[in-house]
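Everything below belongs to data_14.cif, which stores mmCIF, C-alpha atoms.
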```
data_my_file
#
loop_
_atom_site.label_atom_id
_atom_site.label_comp_id
_atom_site.auth_asym_id
_atom_site.auth_seq_id
_atom_site.Cartn_x
_atom_site.Cartn_y
_atom_site.Cartn_z
CA MET G 10 42.89 -54.80 -22.40
CA THR G 11 40.52 -54.12 -19.57
CA HIS G 12 40.32 -50.95 -17.59
CA PRO G 13 42.28 -51.15 -14.33
CA THR G 14 39.23 -50.26 -12.28
CA GLY G 15 37.26 -53.13 -13.78
CA ILE G 16 34.24 -50.90 -14.07
CA SER G 17 30.98 -52.60 -14.87
CA SER G 18 28.65 -50.74 -17.18
CA ARG G 19 25.43 -52.60 -16.48
CA THR G 20 24.43 -51.53 -13.01
CA ASN G 21 22.26 -48.63 -11.96
CA ARG G 22 24.57 -45.75 -11.27
CA SER G 23 24.47 -42.02 -10.84
CA ILE G 24 27.00 -39.31 -11.47
CA ASN G 25 28.28 -36.75 -9.03
CA LEU G 26 29.14 -33.58 -10.96
CA ARG G 27 29.86 -31.35 -7.96
CA ASP G 28 33.09 -29.33 -8.35
CA LEU G 29 33.71 -30.55 -11.89
CA LEU G 30 34.42 -27.71 -14.31
CA PHE G 31 32.36 -27.87 -17.50
CA LEU G 32 33.21 -25.80 -20.56
CA ILE G 33 30.25 -25.30 -22.91
CA ALA G 34 31.38 -23.93 -26.27
CA ASP G 35 28.56 -22.86 -28.56
CA PRO G 36 27.90 -19.65 -30.52
CA ASN G 37 24.26 -19.66 -29.47
CA ALA G 38 24.14 -17.96 -26.07
CA TYR G 39 20.69 -19.30 -25.36
CA LEU G 40 21.70 -22.87 -26.04
CA CYS G 41 24.50 -22.41 -23.53
CA THR G 42 21.94 -21.14 -21.01
CA ILE G 43 19.80 -24.24 -21.56
CA VAL G 44 22.71 -26.68 -21.25
CA HIS G 45 23.86 -24.77 -18.17
CA SER G 46 20.39 -25.18 -16.60
CA ILE G 47 20.33 -28.88 -17.38
CA LEU G 48 23.79 -29.41 -15.90
CA ARG G 49 22.81 -27.54 -12.75
CA GLY G 50 19.84 -29.89 -12.50
CA PHE G 51 22.30 -32.80 -12.66
CA GLY G 52 24.24 -31.29 -9.77
CA ALA G 53 27.02 -29.44 -11.62
CA THR G 54 28.32 -26.44 -9.71
CA LYS G 55 30.97 -25.05 -12.06
CA VAL G 56 30.18 -24.17 -15.65
CA THR G 57 31.99 -21.79 -17.95
CA GLU G 58 31.11 -20.83 -21.51
CA ALA G 59 32.81 -19.87 -24.76
CA ARG G 60 31.25 -18.59 -27.97
CA GLU G 61 34.07 -19.40 -30.38
CA CYS G 62 37.15 -21.58 -30.80
CA THR G 63 39.68 -19.01 -29.69
CA HIS G 64 37.78 -18.34 -26.46
CA ALA G 65 37.48 -22.07 -25.84
CA LEU G 66 41.20 -22.62 -26.42
CA GLN G 67 41.98 -19.71 -24.12
CA ALA G 68 39.80 -21.22 -21.39
CA LEU G 69 41.51 -24.57 -21.92
CA SER G 70 44.96 -23.04 -21.57
CA ASP G 71 44.03 -20.88 -18.55
CA GLN G 72 42.49 -23.57 -16.39
CA LYS G 73 41.96 -27.26 -15.89
CA ILE G 74 38.70 -28.10 -17.64
CA ASP G 75 37.11 -31.38 -16.59
CA ILE G 76 34.85 -31.84 -19.61
CA LEU G 77 34.33 -29.94 -22.86
CA ILE G 78 30.91 -29.85 -24.51
CA CYS G 79 31.30 -28.14 -27.87
CA ASP G 80 29.30 -27.39 -30.99
CA ALA G 81 30.43 -29.13 -34.17
CA LEU G 82 30.13 -25.80 -36.01
CA LEU G 83 31.76 -23.61 -33.39
CA PRO G 84 33.06 -20.56 -35.27
CA PRO G 85 35.36 -19.85 -36.87
CA TYR G 86 37.06 -23.25 -37.36
CA GLY G 87 34.45 -25.71 -36.13
CA GLY G 88 34.28 -27.89 -33.04
CA LEU G 89 36.05 -30.77 -34.73
CA LYS G 90 39.11 -28.62 -35.46
CA LEU G 91 38.95 -27.48 -31.85
CA THR G 92 38.87 -31.11 -30.74
CA GLN G 93 41.91 -31.89 -32.91
CA ALA G 94 43.74 -28.85 -31.57
CA VAL G 95 43.13 -29.96 -27.98
CA ARG G 96 44.23 -33.53 -28.70
CA ARG G 97 47.36 -32.47 -30.59
CA ASN G 98 48.60 -29.98 -28.05
CA THR G 99 51.25 -31.90 -26.10
CA LYS G 100 51.75 -29.00 -23.70
CA THR G 101 48.31 -28.89 -22.12
CA GLU G 102 47.04 -30.97 -19.23
CA ASN G 103 43.66 -30.81 -20.94
CA ARG G 104 44.85 -33.02 -23.80
CA THR G 105 42.88 -36.01 -22.54
CA VAL G 106 39.82 -34.06 -21.41
CA PRO G 107 36.55 -35.82 -22.30
CA ILE G 108 34.99 -34.06 -25.30
CA LEU G 109 31.31 -34.29 -26.12
CA VAL G 110 30.44 -32.82 -29.53
CA MET G 111 26.95 -31.39 -30.08
CA ALA G 112 25.88 -31.71 -33.70
CA GLY G 113 22.77 -30.32 -35.34
CA ASP G 114 23.93 -31.90 -38.56
CA SER G 115 24.12 -35.50 -37.45
CA ARG G 116 24.92 -37.06 -40.80
CA ALA G 117 27.14 -40.12 -40.79
CA THR G 118 30.15 -38.19 -42.10
CA THR G 119 29.88 -35.64 -39.31
CA ILE G 120 29.82 -38.36 -36.68
CA GLU G 121 32.77 -40.19 -38.24
CA ASN G 122 34.72 -36.95 -38.53
CA ALA G 123 34.01 -36.16 -34.88
CA ARG G 124 35.23 -39.60 -33.86
CA ASP G 125 38.35 -39.24 -36.01
CA ALA G 126 39.04 -35.80 -34.53
CA GLY G 127 39.19 -37.40 -31.07
CA ALA G 128 35.73 -36.73 -29.63
CA ASN G 129 34.52 -39.11 -26.93
CA MET G 130 30.88 -38.90 -27.96
CA VAL G 131 28.47 -37.01 -30.18
CA ILE G 132 25.10 -35.76 -29.03
CA ALA G 133 22.38 -34.67 -31.46
CA LYS G 134 20.90 -31.19 -31.17
CA PRO G 135 18.32 -30.32 -29.96
CA ILE G 136 19.49 -32.18 -26.89
CA SER G 137 17.28 -33.65 -24.20
CA PRO G 138 18.26 -33.91 -20.53
CA ALA G 139 18.04 -37.71 -20.75
CA GLN G 140 20.38 -37.84 -23.74
CA LEU G 141 22.92 -35.63 -22.02
CA TYR G 142 22.73 -37.48 -18.70
CA ASP G 143 23.22 -40.87 -20.33
CA ARG G 144 26.24 -39.71 -22.28
CA LEU G 145 27.89 -38.13 -19.25
CA LEU G 146 27.20 -41.32 -17.33
CA TRP G 147 28.69 -43.33 -20.16
CA ILE G 148 31.87 -41.24 -20.27
CA ALA G 149 32.23 -41.45 -16.48
CA PHE G 150 31.82 -45.19 -16.17
CA ASN G 151 33.34 -46.40 -19.41
CA PRO G 152 36.80 -44.88 -19.73
CA ARG G 153 38.37 -45.83 -23.05
CA GLN G 154 42.05 -46.30 -23.55
CA PHE G 155 43.83 -43.56 -25.41
CA VAL G 156 45.68 -44.12 -28.66
CA ASP G 157 48.78 -42.15 -29.55
CA THR G 158 50.04 -42.38 -33.13
CA PRO G 159 51.63 -39.78 -35.42
CA ASN G 160 48.24 -39.33 -37.12
CA TYR G 161 45.82 -39.63 -34.25
CA PHE G 162 45.64 -38.89 -30.56
CA GLY G 163 42.43 -39.56 -28.74
CA PRO G 164 40.09 -42.18 -27.31
CA ASP G 165 40.36 -45.59 -28.94
CA ARG G 166 38.01 -45.59 -31.91
CA ARG G 167 37.72 -49.37 -31.76
CA PHE G 168 35.40 -49.61 -28.82
CA LYS G 169 32.16 -51.35 -28.12
CA ILE G 170 29.20 -50.05 -26.21
CA GLU G 171 28.00 -52.80 -23.94
CA GLY G 172 24.88 -50.95 -22.97
CA TYR G 173 24.54 -47.65 -21.21
CA PRO G 174 25.10 -47.75 -17.47
CA ASN G 175 21.41 -47.71 -16.68
CA GLY G 176 20.58 -50.30 -19.29
CA VAL G 177 19.80 -47.86 -22.10
CA GLY G 178 21.38 -49.05 -25.30
CA ARG G 179 21.10 -50.80 -28.62
CA ARG G 180 21.46 -54.40 -27.56
CA LYS G 181 18.61 -56.87 -27.44
CA GLY G 182 18.63 -57.12 -23.69
CA ASP G 183 18.80 -53.38 -23.07
CA THR G 184 15.82 -51.68 -21.52
CA ALA G 185 13.69 -49.98 -24.14
CA VAL G 186 14.08 -46.41 -22.99
CA GLU G 187 13.87 -43.57 -25.46
CA ILE G 188 17.24 -41.81 -25.30
CA GLY G 189 16.76 -39.17 -27.93
CA GLU G 190 14.90 -37.83 -30.89
CA ALA G 191 15.93 -37.74 -34.51
CA THR G 192 16.14 -34.27 -35.98
CA GLY G 193 14.94 -34.08 -39.56
CA PRO G 194 16.71 -36.28 -42.05
CA SER G 195 19.80 -36.68 -39.89
CA LEU G 196 20.74 -39.74 -37.90
CA SER G 197 18.96 -40.50 -34.69
CA GLN G 198 20.94 -40.44 -31.46
CA SER G 199 20.98 -44.24 -31.38
CA ASP G 200 22.37 -44.31 -34.92
CA ILE G 201 25.06 -41.87 -33.85
CA ASP G 202 25.99 -44.14 -30.97
CA HIS G 203 25.99 -47.09 -33.32
CA LEU G 204 28.42 -45.32 -35.63
CA LEU G 205 30.70 -44.48 -32.75
CA ASN G 206 30.35 -48.04 -31.58
CA SER G 207 31.45 -49.54 -34.90
CA ALA G 208 34.77 -51.28 -34.84
CA ARG G 209 37.26 -49.38 -36.93
CA ALA G 210 40.50 -50.77 -38.25
CA GLY G 211 43.71 -48.77 -37.88
CA MET F 22 57.98 -47.65 -32.20
CA VAL F 23 58.47 -48.78 -35.82
CA ASN F 24 57.81 -52.39 -36.77
CA ASN F 25 58.22 -53.50 -40.41
CA GLY F 26 57.66 -49.97 -41.60
CA LYS F 27 54.48 -49.61 -39.54
CA VAL F 28 54.26 -47.27 -36.61
CA GLU F 29 52.88 -48.96 -33.53
CA ALA F 30 50.23 -47.16 -31.57
CA ARG F 31 50.90 -46.37 -27.94
CA LEU F 32 47.88 -47.38 -25.88
CA PHE F 33 47.26 -46.19 -22.36
CA PHE F 34 44.46 -45.56 -19.91
CA VAL F 35 43.74 -42.15 -18.46
CA ASP F 36 41.43 -41.89 -15.52
CA THR F 37 40.51 -38.24 -15.94
CA GLU F 38 39.34 -35.94 -13.18
CA PHE F 39 35.89 -36.06 -14.73
CA GLN F 40 35.78 -39.82 -14.53
CA LYS F 41 37.23 -40.01 -11.03
CA LYS F 42 34.97 -37.33 -9.58
CA ALA F 43 31.81 -38.22 -11.45
CA ARG F 44 31.99 -41.74 -10.03
CA ARG F 45 32.04 -40.46 -6.46
CA PRO F 46 29.02 -41.46 -4.42
CA GLY F 47 26.50 -38.76 -3.64
CA GLY F 48 25.12 -38.04 -7.09
CA ALA F 49 21.37 -37.84 -7.47
CA PRO F 50 19.71 -40.90 -9.05
CA ARG F 51 19.00 -40.54 -12.75
CA ASP F 52 15.27 -39.91 -12.41
CA VAL F 53 15.84 -37.25 -9.76
CA ALA F 54 18.56 -35.59 -11.86
CA LEU F 55 16.27 -35.54 -14.90
CA THR F 56 13.38 -34.09 -12.90
CA ARG F 57 15.65 -31.34 -11.56
CA ALA F 58 17.01 -30.64 -15.04
CA GLN F 59 13.48 -30.33 -16.40
CA ALA F 60 12.63 -27.97 -13.55
CA GLY F 61 15.65 -25.90 -14.58
CA ILE F 62 14.35 -25.77 -18.14
CA ASP F 63 10.89 -24.77 -16.90
CA GLU F 64 12.42 -21.96 -14.86
CA ILE F 65 13.85 -20.27 -17.94
CA GLN F 66 10.74 -20.79 -20.09
CA VAL F 67 9.46 -17.21 -19.82
CA ASP F 68 12.90 -15.82 -20.57
CA PHE F 69 13.19 -18.25 -23.47
CA GLU F 70 9.93 -17.10 -25.03
CA ALA F 71 11.14 -13.50 -24.91
CA TRP F 72 14.41 -14.56 -26.58
CA LEU F 73 12.44 -16.53 -29.15
CA ASP F 74 10.30 -13.51 -30.08
CA LEU F 75 13.44 -11.45 -30.53
CA GLU F 76 15.29 -14.12 -32.49
CA LEU F 77 12.35 -14.83 -34.78
CA GLY F 78 11.77 -11.12 -35.32
CA GLU F 79 15.38 -10.66 -36.35
CA LEU F 80 15.23 -13.65 -38.68
CA ILE F 81 12.08 -12.33 -40.37
CA GLU F 82 13.65 -8.89 -40.71
CA LEU F 83 16.76 -10.41 -42.27
CA ILE F 84 14.72 -12.55 -44.64
CA GLN F 85 12.73 -9.54 -45.87
CA LYS F 86 15.78 -7.38 -46.54
CA PRO F 87 17.51 -8.52 -49.70
CA LYS F 88 14.76 -9.73 -52.02
CA SER F 89 16.64 -8.67 -55.16
CA ALA F 90 20.13 -10.09 -54.72
CA ALA F 91 19.06 -12.81 -52.32
CA GLY F 92 20.55 -16.20 -52.75
CA ARG F 93 23.84 -14.83 -54.02
CA ASP F 94 24.68 -12.73 -50.99
CA THR F 95 26.90 -15.11 -49.01
CA VAL F 96 27.00 -12.91 -45.90
CA TRP F 97 23.21 -12.71 -45.85
CA LEU F 98 22.90 -16.44 -46.44
CA GLU F 99 25.27 -17.20 -43.58
CA MET F 100 23.37 -14.88 -41.25
CA VAL F 101 19.95 -16.35 -41.99
CA GLU F 102 21.27 -19.89 -41.80
CA ILE F 103 22.81 -19.22 -38.40
CA ARG F 104 19.50 -17.80 -37.13
CA CYS F 105 17.68 -20.90 -38.37
CA ARG F 106 20.22 -23.14 -36.65
CA HIS F 107 19.77 -21.23 -33.39
CA LEU F 108 16.01 -21.79 -33.49
CA ARG F 109 16.35 -25.42 -34.54
CA ASP F 110 18.92 -26.24 -31.86
CA VAL F 111 16.79 -25.14 -28.91
CA GLY F 112 13.18 -25.61 -30.06
CA THR F 113 12.53 -29.22 -29.07
CA THR F 114 14.47 -28.95 -25.82
CA MET F 115 12.26 -26.03 -24.78
CA GLY F 116 9.00 -27.72 -25.80
CA PHE F 117 8.69 -26.34 -29.35
CA PRO F 118 9.31 -29.40 -31.57
CA LEU F 119 7.42 -27.93 -34.53
CA LEU F 120 9.65 -24.87 -34.42
CA THR F 121 12.74 -27.10 -34.63
CA PHE F 122 11.28 -28.90 -37.64
CA VAL F 123 10.32 -25.74 -39.56
CA ALA F 124 13.59 -23.95 -38.75
CA ASP F 125 15.61 -26.95 -39.92
CA ASN F 126 13.59 -27.16 -43.12
CA LEU F 127 14.15 -23.46 -43.77
CA ARG F 128 17.86 -23.85 -43.00
CA GLU F 129 18.03 -26.55 -45.67
CA ILE F 130 16.51 -24.16 -48.21
CA PHE F 131 19.18 -21.57 -47.42
CA GLU F 132 21.83 -24.28 -47.65
CA ARG F 133 20.54 -25.12 -51.13
CA LEU F 134 20.48 -21.46 -52.08
CA ALA F 135 24.13 -21.25 -51.09
CA ALA F 136 24.80 -24.27 -53.28
CA GLY F 137 23.25 -22.52 -56.28
CA ALA F 138 19.49 -23.06 -56.17
CA VAL F 139 17.41 -20.18 -57.55
CA TYR F 140 15.92 -17.82 -54.96
CA ARG F 141 12.14 -18.19 -54.74
CA GLY F 142 10.65 -15.89 -52.15
CA HIS F 143 7.42 -17.83 -51.74
CA LEU F 144 9.34 -20.94 -50.60
CA ILE F 145 10.78 -18.89 -47.79
CA ASP F 146 7.59 -16.94 -47.06
CA CYS F 147 5.57 -20.08 -46.40
CA HIS F 148 8.23 -21.21 -43.91
CA VAL F 149 8.03 -17.85 -42.15
CA GLN F 150 4.28 -18.36 -41.81
CA ALA F 151 4.93 -21.86 -40.47
CA LEU F 152 7.43 -20.49 -37.95
CA LYS F 153 4.78 -18.05 -36.70
CA LEU F 154 2.31 -20.93 -36.45
CA ALA F 155 4.83 -23.01 -34.50
CA MET F 156 5.04 -20.20 -31.94
CA GLN F 157 1.31 -20.21 -31.25
CA GLU F 158 0.24 -21.85 -28.05
CA GLN F 159 -2.00 -24.48 -29.64
CA TYR F 160 0.76 -25.67 -31.98
CA ARG F 161 3.99 -25.20 -30.03
CA ASN F 162 3.91 -28.64 -28.44
CA CYS F 163 2.94 -30.41 -31.66
CA ARG F 164 5.40 -32.78 -33.23
CA PRO F 165 5.71 -32.67 -37.05
CA GLU F 166 4.07 -36.09 -37.37
CA GLN F 167 0.99 -34.74 -35.61
CA LEU F 168 0.53 -32.21 -38.41
CA PRO F 169 1.28 -34.27 -41.54
CA GLU F 170 -0.36 -31.79 -43.95
CA LEU F 171 1.95 -29.05 -42.78
CA SER F 172 5.14 -31.06 -42.36
CA ASP F 173 4.78 -33.01 -45.62
CA GLY F 174 3.97 -29.78 -47.44
CA LEU F 175 7.06 -28.04 -46.10
CA ARG F 176 9.27 -31.00 -46.92
CA HIS F 177 7.92 -30.92 -50.45
CA VAL F 178 8.56 -27.19 -50.74
CA ALA F 179 12.13 -27.61 -49.49
CA GLN F 180 12.79 -30.23 -52.14
CA PHE F 181 11.54 -27.82 -54.79
CA ALA F 182 14.57 -25.61 -54.08
CA THR F 183 16.73 -28.39 -55.48
CA VAL F 184 14.38 -29.05 -58.42
CA VAL F 185 14.71 -25.44 -59.45
CA LYS F 186 18.49 -25.82 -59.51
CA ALA F 187 18.32 -29.00 -61.58
CA GLU F 188 16.05 -27.34 -64.15
CA GLN F 189 18.42 -24.41 -64.36
CA GLU F 190 21.39 -26.71 -64.93
CA GLN F 191 19.54 -28.51 -67.72
CA GLY F 192 18.72 -25.20 -69.39
#
```

Written as structure tokens, how would this file's structure read?
Amino acid sequence: MTHPTGISSRTNRSINLRDLLFLIADPNAYLCTIVHSILRGFGATKVTEARECTHALQALSDQKIDILICDALLPPYGGLKLTQAVRRNTKTENRTVPILVMAGDSRATTIENARDAGANMVIAKPISPAQLYDRLLWIAFNPRQFVDTPNYFGPDRRFKIEGYPNGVGRRKGDTAVEIGEATGPSLSQSDIDHLLNSARAG
Amino acid sequence: MVNNGKVEARLFFVDTEFQKKARRPGGAPRDVALTRAQAGIDEIQVDFEAWLDLELGELIELIQKPKSAAGRDTVWLEMVEIRCRHLRDVGTTMGFPLLTFVADNLREIFERLAAGAVYRGHLIDCHVQALKLAMQEQYRNCRPEQLPELSDGLRHVAQFATVVKAEQEQG
């Protein structure tokens, strides 16, 4: 099944974030400030913030959010529970909102759990502008079909990354551009992408 | 839809507002966007350093508080771990990669304390000294691999928190 727009992922592209409403959900106010600054640099004009799950859910029920960037450990329930709650709520127009999970603990289980909760992508903290830009670009130009089953609602987990839009990726022919930095013993950003990229049965 | 006892998945495409609008022409090229984003980070650098002083001061104050019952006080452990995460999560982005490394190492020690490792103040104290070092101008831009004596030493110390627990279990 190909996307109706027939979008190609291999050409040089840019993203226009003007008038898109971002929701950054993270308990660390300063991290929100940093992400906010980065997004403004990318051209975003509308950014709102939440410090915990309940505030994020409130924001999601009050207004149309165009993209959610949330911490995996967002108190009190965690960003993955928040992701599940958004995906399972049949009454909200935000049910299919792109969700980018920020994880300081980027162990394989965290990434798999984020994917299974319905996240579109995972980004390792501390984030870099390049990492964030490439993932936003990826989400914009590579829409994945949604899957609706009694046990799961979210982006198809059986997807393949055919290279990031500007040629940054894991494949042999991809341009060797550093897209992120590993943090401690956790997975590197490219390993995270590889995990999300893995074909998954069921 | 049920087929031979199996529920079939409904598959559909959603072209979200984000996707539709982000693909509009008029966005800055990647290199320009990244340069502007970095300029945005640079703009808040002074403010960040003030926040960092405050955050580190509060972490050190917290660490020094409960020497006696430390390691079994779950509220205290949660508070210090959160502070470490805050420092770790922003350090590298703001040009303090060593700070991220030390804070993450210290966070691991607290995680191990929460899991039952014995509290050893000197393990934590040497990380506090390393955090102070990571704030100094000549070290703030250093990556852990540029200071192998320090980073290897701290990794070793962090592992010792687990060794202590194993010895205790054997006893």

Quiz item: Which residues match the PyMOL selection byres ((chain G) within 7 of (chain F)) in the file above, as a ChimeraX atom specification?
Solution: /G:23-26,29,37,40,43,46-51,75-76,106,113,134-139,149-150,152-158,193

Take the PyMOL selection byres ((chain F and resi 148) around 8), run it mentally on this structure, and tell me the resulting residues as a PDB file with C-alpha atoms, in the coordinates of the input.
```
ATOM      1  CA  VAL F 123      10.320 -25.740 -39.560  1.00  0.00           C
ATOM      2  CA  ALA F 124      13.590 -23.950 -38.750  1.00  0.00           C
ATOM      3  CA  LEU F 127      14.150 -23.460 -43.770  1.00  0.00           C
ATOM      4  CA  LEU F 144       9.340 -20.940 -50.600  1.00  0.00           C
ATOM      5  CA  ILE F 145      10.780 -18.890 -47.790  1.00  0.00           C
ATOM      6  CA  ASP F 146       7.590 -16.940 -47.060  1.00  0.00           C
ATOM      7  CA  CYS F 147       5.570 -20.080 -46.400  1.00  0.00           C
ATOM      8  CA  VAL F 149       8.030 -17.850 -42.150  1.00  0.00           C
ATOM      9  CA  GLN F 150       4.280 -18.360 -41.810  1.00  0.00           C
ATOM     10  CA  ALA F 151       4.930 -21.860 -40.470  1.00  0.00           C
ATOM     11  CA  LEU F 152       7.430 -20.490 -37.950  1.00  0.00           C
ATOM     12  CA  LEU F 175       7.060 -28.040 -46.100  1.00  0.00           C
TER      13      LEU F 175
END
```

Give, as JSON, the centre coordinates and the x, y and z edge lengths in Å to one decimal for an axis-aligned box around all listed atoms of segment 81-91 of chain G, padded by 3 Å on each side.
```
{"center_x": 34.6, "center_y": -25.3, "center_z": -34.6, "size_x": 15.0, "size_y": 16.9, "size_z": 11.5}
```

Practice problem: Name the residues in contact with Glu61 of chain G at a cut-off of 6 Å, using only C-alpha atoms, excluding same-chain residues fewer than 2 positions from it; report them as a VMD selection string. | Solution: chain G and resid 59 63 to 64 83 to 84

Quiz item: When you draw a straight line from atom CA of Thr99 of chain G to atom CA of Gly87 of chain G, how long is it in Å?
Solution: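 Atom CA of Gly87 of chain G lies 20.5 Å from atom CA of Thr99 of chain G.
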
Quiz item: Using all atoms listed in the file, which of the listed residues (F:Glu76, F:Glu132, F:Glu70, F:Asp173) sits closest to Leu98 of chain F?
Solution: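 Using all atoms listed in the file, the shortest distance to Leu98 of chain F belongs to F:Glu132.
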
Self-check item: Counting only C-alpha atoms, the option among G:Leu77, G:Leu89, G:Ile148, G:Ala53 closest to Asn122 of chain G
Solution: G:Leu89

Self-check item: atom CA of Ala81 of chain G to atom CA of Gly78 of chain F, distance in Å rounded to a single decimal
Solution: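 So the answer is 26.0 Å.
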
Self-check item: Two-atom distance - atom CA of Asp125 of chain G, atom CA of Gly163 of chain G (Å)
Solution: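 If I compute the distance from atom CA of Asp125 of chain G to atom CA of Gly163 of chain G, I get 8.3 Å.
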